[in-house]
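Engineer: To start, I am sharing the structure in question, which I have written as C-alpha cells.
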Amino acid sequence: MKDIFKSLLAFLGFVLCFTSCERDTPHLTIGLQGNYYMYRMQTNRFVPGYTGDAYRWLLILPDGTDSLLSTEHTYCFLPKDEGVYNIRFQIIDSKNPYTHDMQVTVMHELVEYSPYISRVLEYRPAPGQFVNEMPLCEEGDTEETMRRKVEDNISGRNNVMITLGGFGGYVTFGFDHTVMNVKGEKDFLILGNAFYELTDPDNPGGSSEPGIVMVAFDKNQNGVPDDDEWYELAGSEYYKPETTKNYEITYFRPDKDKTPIPDETGNITDQTYIKWTDNYGDDGYIQKIRYNKQDYFPKWISGDKLTFRGTKLKDNGVDQSGYGAYWVLYAYGWGYADNRTNNETDLISFDIDWAVDSDGNKVHLPGIDFVRVYTAVNQTCGWIGETSTEILGARDLHIYAPGDTLPEIDYQLKKKVNRKYKQF
C-alpha cells in the first residue's frame with residue numbers, strides 16, 4: 001500500500017511538472033484555433049495569447065507563396081468572398097519564436113444581406129427649419145424614440161426624408177454586414193434630395209446642401225461606434241484652402257418668451273431666433289422663416305446649447321436676383337451627401353479609399369461598419385433659411401438582390417423644398 005502511494009505521488013509530480021513546463025512554452029492553441037468557420041463580409045478578430053518582439057500574419061497562396069496581411073499583434077480578418085483561406089501567424093522573437101497555421105472556411109450567409117441601411121445608431125440634428133418635423137417630434141419623445149423614427153424612415157427601401165439641421169447636425173447608421181472596401185470601385189451611395197435649377201445647366205446648382213461623410217471600422221467588434229476611430233472621406237473640397245478644418249459651433253436654445261424680430265418682407269419672422277457662436281470668434285443666427293412655425297431647436301434634447309465639430313465647407317449659396325428673391329446653392333464636385341441629384345449615381349457614391357485621418361493622412365480600411373453624415377456648411381440664405389443636409393437612405397454597392405434597382409427619390413414635403421426656387 002505504501003509503495004502504491006509513493007507511485008501515485010511520483011505520477012502527480014510528473015503531471016504537475018509537465019503542466020508547468022507547458023505554461024512556459026508559447027503554445028497558442030488557447031488563443032488561436034486550427035480551424036474557423038465564418039460568413040463572408042463579417043469580421044473575425046484573431047487575438048493571440050502570447051506576445052513577442054514582432055508579428056506577421058500571412059495568407060498562404062495555393063502555389064505555396066505567401067502574402068503579408070498585417071504586422072499587428074491582433075488581426076481582423078474580413079473576407080469578401082466565399083472559400084477556404086490558409087492563414088499563418090508568426091511571432092518574431094529571439095527567445096520564443098512561434099508559428100501557427102489556421103484554415104478559415106468562409107461561407108455564404110444563411111439569410112441574404114440587405115444592400116440598404118439596417119440600423120440607425122445616433123440622430124443628433126443641429127437647429128433647423130425642418131427639425132422636429134422630419135421626423136415629427138411628439139410629446140414625450142426621447143433620443144431613443146427619435147432614433148427609432150429615423151431608423152424607420154431611412155432603413156431598407158423606405159426612403160422617407162430626414163433633416164440634419166444646420167452645420168454639424170448628424171446621423172450615424174450601419175448595415176447588416178460590413179461594407180467592403182473594393183479596390184478601384186465605389187463602395188456605397190447615399191440618397192439625398194438635391195436638385196438643380198435650369199437657368200445655367202453648365203454650372204449645376206439649385207438645392208445642393210452638402211453633408212460630409214465619415215466612416216469607421218468596428219475594430220473591437222462590439223457592434224457600436226465607441227472606441228473606433230472615425231475617418232473623413234475627403235471629397236473634392238477637402239484640400240482647398242477655403243475649407244476650414246476643426247471648426248466648432250455652439251447653438252443656444254432660444255428663450256420661449258423672446259420677442260421675435262421680423263424682417264421687412266415678412267418672410268423671416270425672427271431674424272435673431274437661435275444664436276450661434278464659433279471657435280473663430282464669429283456669431284450669427286438661425287433665422288425663423290414664415291413657412292415653418294414649429295420649434296427649430298431639437299425638443300427631445302436636454303440642455304440649453306448644442307456643440308458640433310467638424311470640417312466646414314465654404315458657402316455655396318448665391319443670391320442670383322441681387323435683392324434676396326432667388327437663391328441658388330451650387331453643387332460641389334464630388335464626395336458629399338445631398339450635393340448631387342440621385343440620378344447621378346457616380347457623384348452620390350463613395351469610395352472607402354478616400355478616408356483620411358484627423359491630420360489629413362490617407363488610411364486604408366478593409367471595410368466599414370458605421371457611416372456618419374453631417375451638414376457641412378454654416379450658411380443662411382435669406383428667406384429660404386439655413387442650409388441643412390437631408391438624407392433619404394443609403395446602400396452598399398457590392399450587394400445585389402434579384403430585380404434590385406436603385407430606389408427613386410421621395411420628395412417628402414416637395415412643395416416646401418420647391419418654394420426655395422420661386423420668387424416672392
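Chain lettering (A, B, ...) mirrors the order of the C-alpha cells, residue numbering begins at 1 for each chain separately, and ligand numbering begins at 1 in order of display.
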For the structure I just gave you, how does DSSP split stretch 81-292 of chain A - specifically, which residues are strand (DSSP E or B)? Reply as an NGL selection string.

Structural biologist: :A and (83-92 or 98-107 or 116 or 119-124 or 133 or 136 or 162-163 or 170-174 or 179-180 or 188-191 or 195-196 or 205-207 or 211-216 or 231-233 or 244-252 or 268-278 or 283-289)

Engineer: Neighbouring residues of A:Cys76 were defined as those with any atom within 7 Å, considering only C-alpha atoms; residues of the same chain fewer than 2 positions away were excluded. Please report them as a short mmCIF file (atom, residue, chain, number, x, y, z; two decimals) with C-alpha atoms, in the first residue's frame.

Structural biologist:
data_model
loop_
_atom_site.label_atom_id
_atom_site.label_comp_id
_atom_site.auth_asym_id
_atom_site.auth_seq_id
_atom_site.Cartn_x
_atom_site.Cartn_y
_atom_site.Cartn_z
CA THR A 43 -15.03 40.07 -39.28
CA ASN A 44 -13.19 37.51 -37.20
CA ARG A 45 -10.83 39.17 -34.74
CA PHE A 46 -7.84 36.93 -34.01
CA THR A 74 -4.20 41.21 -33.28
CA LEU A 78 -12.58 40.37 -43.25
#

Engineer: If I take atom CA of A:Pro241 and atom CA of A:Thr172, how far is one from the other in Å, to one decimal?

Structural biologist: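 Interatomic distance, atom CA of A:Pro241 to atom CA of A:Thr172: 27.9 Å.
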
Engineer: Just checking: using only C-alpha atoms, which residue out of A:Glu151, A:Asp200, A:Asp359, A:Glu237 ends up closest to A:Ala376?

Structural biologist: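 For A:Ala376, the nearest of the given residues is A:Glu237.
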
Engineer: For atom CA of A:Arg119 and atom CA of A:Val371, quote the distance in Å rounded to one decimal.

Structural biologist: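 Here the two named atoms are 10.8 Å from each other.
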
Engineer: Need to verify the contact set: A:Tyr116, 8 Å, only C-alpha atoms, exclusion of same-chain residues closer than 4 positions in sequence. Can you return it as a ChimeraX atom specification?

Structural biologist: /A:155-157,175,393-396

Engineer: Which is closest to A:Phe370 among A:Phe77, A:Tyr98, A:Phe173, A:Phe89, if we use only C-alpha atoms?

Structural biologist: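 Of all the options, A:Phe173 lies closest to A:Phe370.
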
Engineer: Suppose you want the space between atom CA of A:Asp353 and atom CA of A:Phe188; what is it in Å?

Structural biologist: 11.7 Å

Engineer: Please, which residues of stretch 87-329 of chain A, numbered as in this document, come out helix (DSSP H, G or I) from DSSP, as a ChimeraX atom specification?

Structural biologist: /A:143-154

Engineer: Between A:Trp327, A:Met180, A:Asp255, A:Ile399, which residue has the minimum interatomic distance to A:Pro115, considering only C-alpha atoms?

Structural biologist: A:Ile399

Engineer: Fewer than 4 positions away in the same chain doesn't count, so skip those; otherwise give me all residues within 9 Å of A:Thr387, counting only C-alpha atoms, as a ChimeraX atom specification.

Structural biologist: /A:128,165-167,208-210,317,329,375-381

Engineer: With N, CA and C atoms kept, could you save the residues just selected as a PDB file, in the first residue's frame?

Structural biologist:
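part13.pdb, freshly written:
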ATOM      1  N   GLY A 128     -32.747  73.716 -37.044  1.00  0.00           N
ATOM      2  CA  GLY A 128     -33.039  73.966 -38.446  1.00  0.00           C
ATOM      3  C   GLY A 128     -34.535  74.021 -38.697  1.00  0.00           C
ATOM      4  N   GLY A 165     -30.471  69.483 -39.999  1.00  0.00           N
ATOM      5  CA  GLY A 165     -30.364  70.836 -39.475  1.00  0.00           C
ATOM      6  C   GLY A 165     -29.113  71.541 -39.965  1.00  0.00           C
ATOM      7  N   GLY A 166     -28.708  72.596 -39.241  1.00  0.00           N
ATOM      8  CA  GLY A 166     -27.561  73.409 -39.627  1.00  0.00           C
ATOM      9  C   GLY A 166     -26.236  72.691 -39.475  1.00  0.00           C
ATOM     10  N   PHE A 167     -25.146  73.472 -39.572  1.00  0.00           N
ATOM     11  CA  PHE A 167     -23.810  72.866 -39.565  1.00  0.00           C
ATOM     12  C   PHE A 167     -23.624  71.918 -38.379  1.00  0.00           C
ATOM     13  N   SER A 208     -28.416  72.255 -53.436  1.00  0.00           N
ATOM     14  CA  SER A 208     -27.313  71.360 -53.071  1.00  0.00           C
ATOM     15  C   SER A 208     -26.877  71.729 -51.661  1.00  0.00           C
ATOM     16  N   GLU A 209     -27.159  70.837 -50.710  1.00  0.00           N
ATOM     17  CA  GLU A 209     -26.888  71.113 -49.298  1.00  0.00           C
ATOM     18  C   GLU A 209     -25.917  70.058 -48.769  1.00  0.00           C
ATOM     19  N   PRO A 210     -24.626  70.232 -49.037  1.00  0.00           N
ATOM     20  CA  PRO A 210     -23.639  69.160 -48.882  1.00  0.00           C
ATOM     21  C   PRO A 210     -23.440  68.710 -47.434  1.00  0.00           C
ATOM     22  N   GLY A 317     -24.158  79.167 -51.457  1.00  0.00           N
ATOM     23  CA  GLY A 317     -25.398  79.838 -51.839  1.00  0.00           C
ATOM     24  C   GLY A 317     -25.131  81.212 -52.424  1.00  0.00           C
ATOM     25  N   LEU A 329     -28.041  77.282 -54.667  1.00  0.00           N
ATOM     26  CA  LEU A 329     -26.984  76.611 -53.912  1.00  0.00           C
ATOM     27  C   LEU A 329     -26.243  75.692 -54.878  1.00  0.00           C
ATOM     28  N   THR A 375     -24.090  67.970 -41.700  1.00  0.00           N
ATOM     29  CA  THR A 375     -24.186  69.164 -42.532  1.00  0.00           C
ATOM     30  C   THR A 375     -22.855  69.898 -42.531  1.00  0.00           C
ATOM     31  N   ALA A 376     -22.387  70.278 -43.743  1.00  0.00           N
ATOM     32  CA  ALA A 376     -21.003  70.736 -43.887  1.00  0.00           C
ATOM     33  C   ALA A 376     -20.852  72.235 -44.096  1.00  0.00           C
ATOM     34  N   VAL A 377     -21.953  72.978 -44.186  1.00  0.00           N
ATOM     35  CA  VAL A 377     -21.839  74.431 -44.342  1.00  0.00           C
ATOM     36  C   VAL A 377     -22.609  75.127 -43.227  1.00  0.00           C
ATOM     37  N   ASN A 378     -22.115  76.300 -42.851  1.00  0.00           N
ATOM     38  CA  ASN A 378     -22.809  77.143 -41.874  1.00  0.00           C
ATOM     39  C   ASN A 378     -23.283  78.371 -42.634  1.00  0.00           C
ATOM     40  N   GLN A 379     -24.499  78.297 -43.131  1.00  0.00           N
ATOM     41  CA  GLN A 379     -24.956  79.272 -44.107  1.00  0.00           C
ATOM     42  C   GLN A 379     -26.453  79.510 -43.985  1.00  0.00           C
ATOM     43  N   THR A 380     -26.847  80.776 -44.042  1.00  0.00           N
ATOM     44  CA  THR A 380     -28.256  81.149 -44.091  1.00  0.00           C
ATOM     45  C   THR A 380     -28.490  81.940 -45.369  1.00  0.00           C
ATOM     46  N   CYS A 381     -29.484  81.525 -46.127  1.00  0.00           N
ATOM     47  CA  CYS A 381     -29.752  82.145 -47.424  1.00  0.00           C
ATOM     48  C   CYS A 381     -31.090  82.871 -47.400  1.00  0.00           C
TER      49      CYS A 381
END

Engineer: Report as a VMD selection string all protein, DNA and RNA residues lying within 7 Å of A:Arg56, evaluated on only C-alpha atoms, omitting residues in the same chain fewer than 6 positions from it.

Structural biologist: chain A and resid 70 to 71 89 to 91

Engineer: My list of candidates is A:Thr345, A:Asn132, A:Ala234, A:Pro97. Which is closest to A:Lys362 when distances are computed with only C-alpha atoms?

Structural biologist: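 Among the listed residues, the smallest separation from A:Lys362 belongs to A:Ala234.
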
Engineer: Near A:Gly83, counting only C-alpha atoms, which residues have an atom at most 8 Å away, once you skip same-chain residues fewer than 2 positions from it, shown as a short mmCIF file (atom, residue, chain, number, x, y, z; two decimals) with N, CA and C atoms, in the first residue's frame?

Structural biologist:
data_model
loop_
_atom_site.label_atom_id
_atom_site.label_comp_id
_atom_site.auth_asym_id
_atom_site.auth_seq_id
_atom_site.Cartn_x
_atom_site.Cartn_y
_atom_site.Cartn_z
N ASP A 81 -15.20 37.22 -50.23
CA ASP A 81 -15.69 36.09 -51.00
C ASP A 81 -15.64 34.79 -50.21
N TYR A 85 -9.40 29.75 -46.77
CA TYR A 85 -8.24 30.63 -46.64
C TYR A 85 -7.27 30.01 -45.64
N THR A 105 -12.66 28.69 -43.22
CA THR A 105 -13.65 28.40 -44.25
C THR A 105 -14.72 29.50 -44.22
N VAL A 106 -14.84 30.22 -45.33
CA VAL A 106 -15.78 31.33 -45.43
C VAL A 106 -16.99 30.89 -46.23
N MET A 107 -18.17 31.05 -45.63
CA MET A 107 -19.41 30.56 -46.22
C MET A 107 -20.33 31.71 -46.60
#
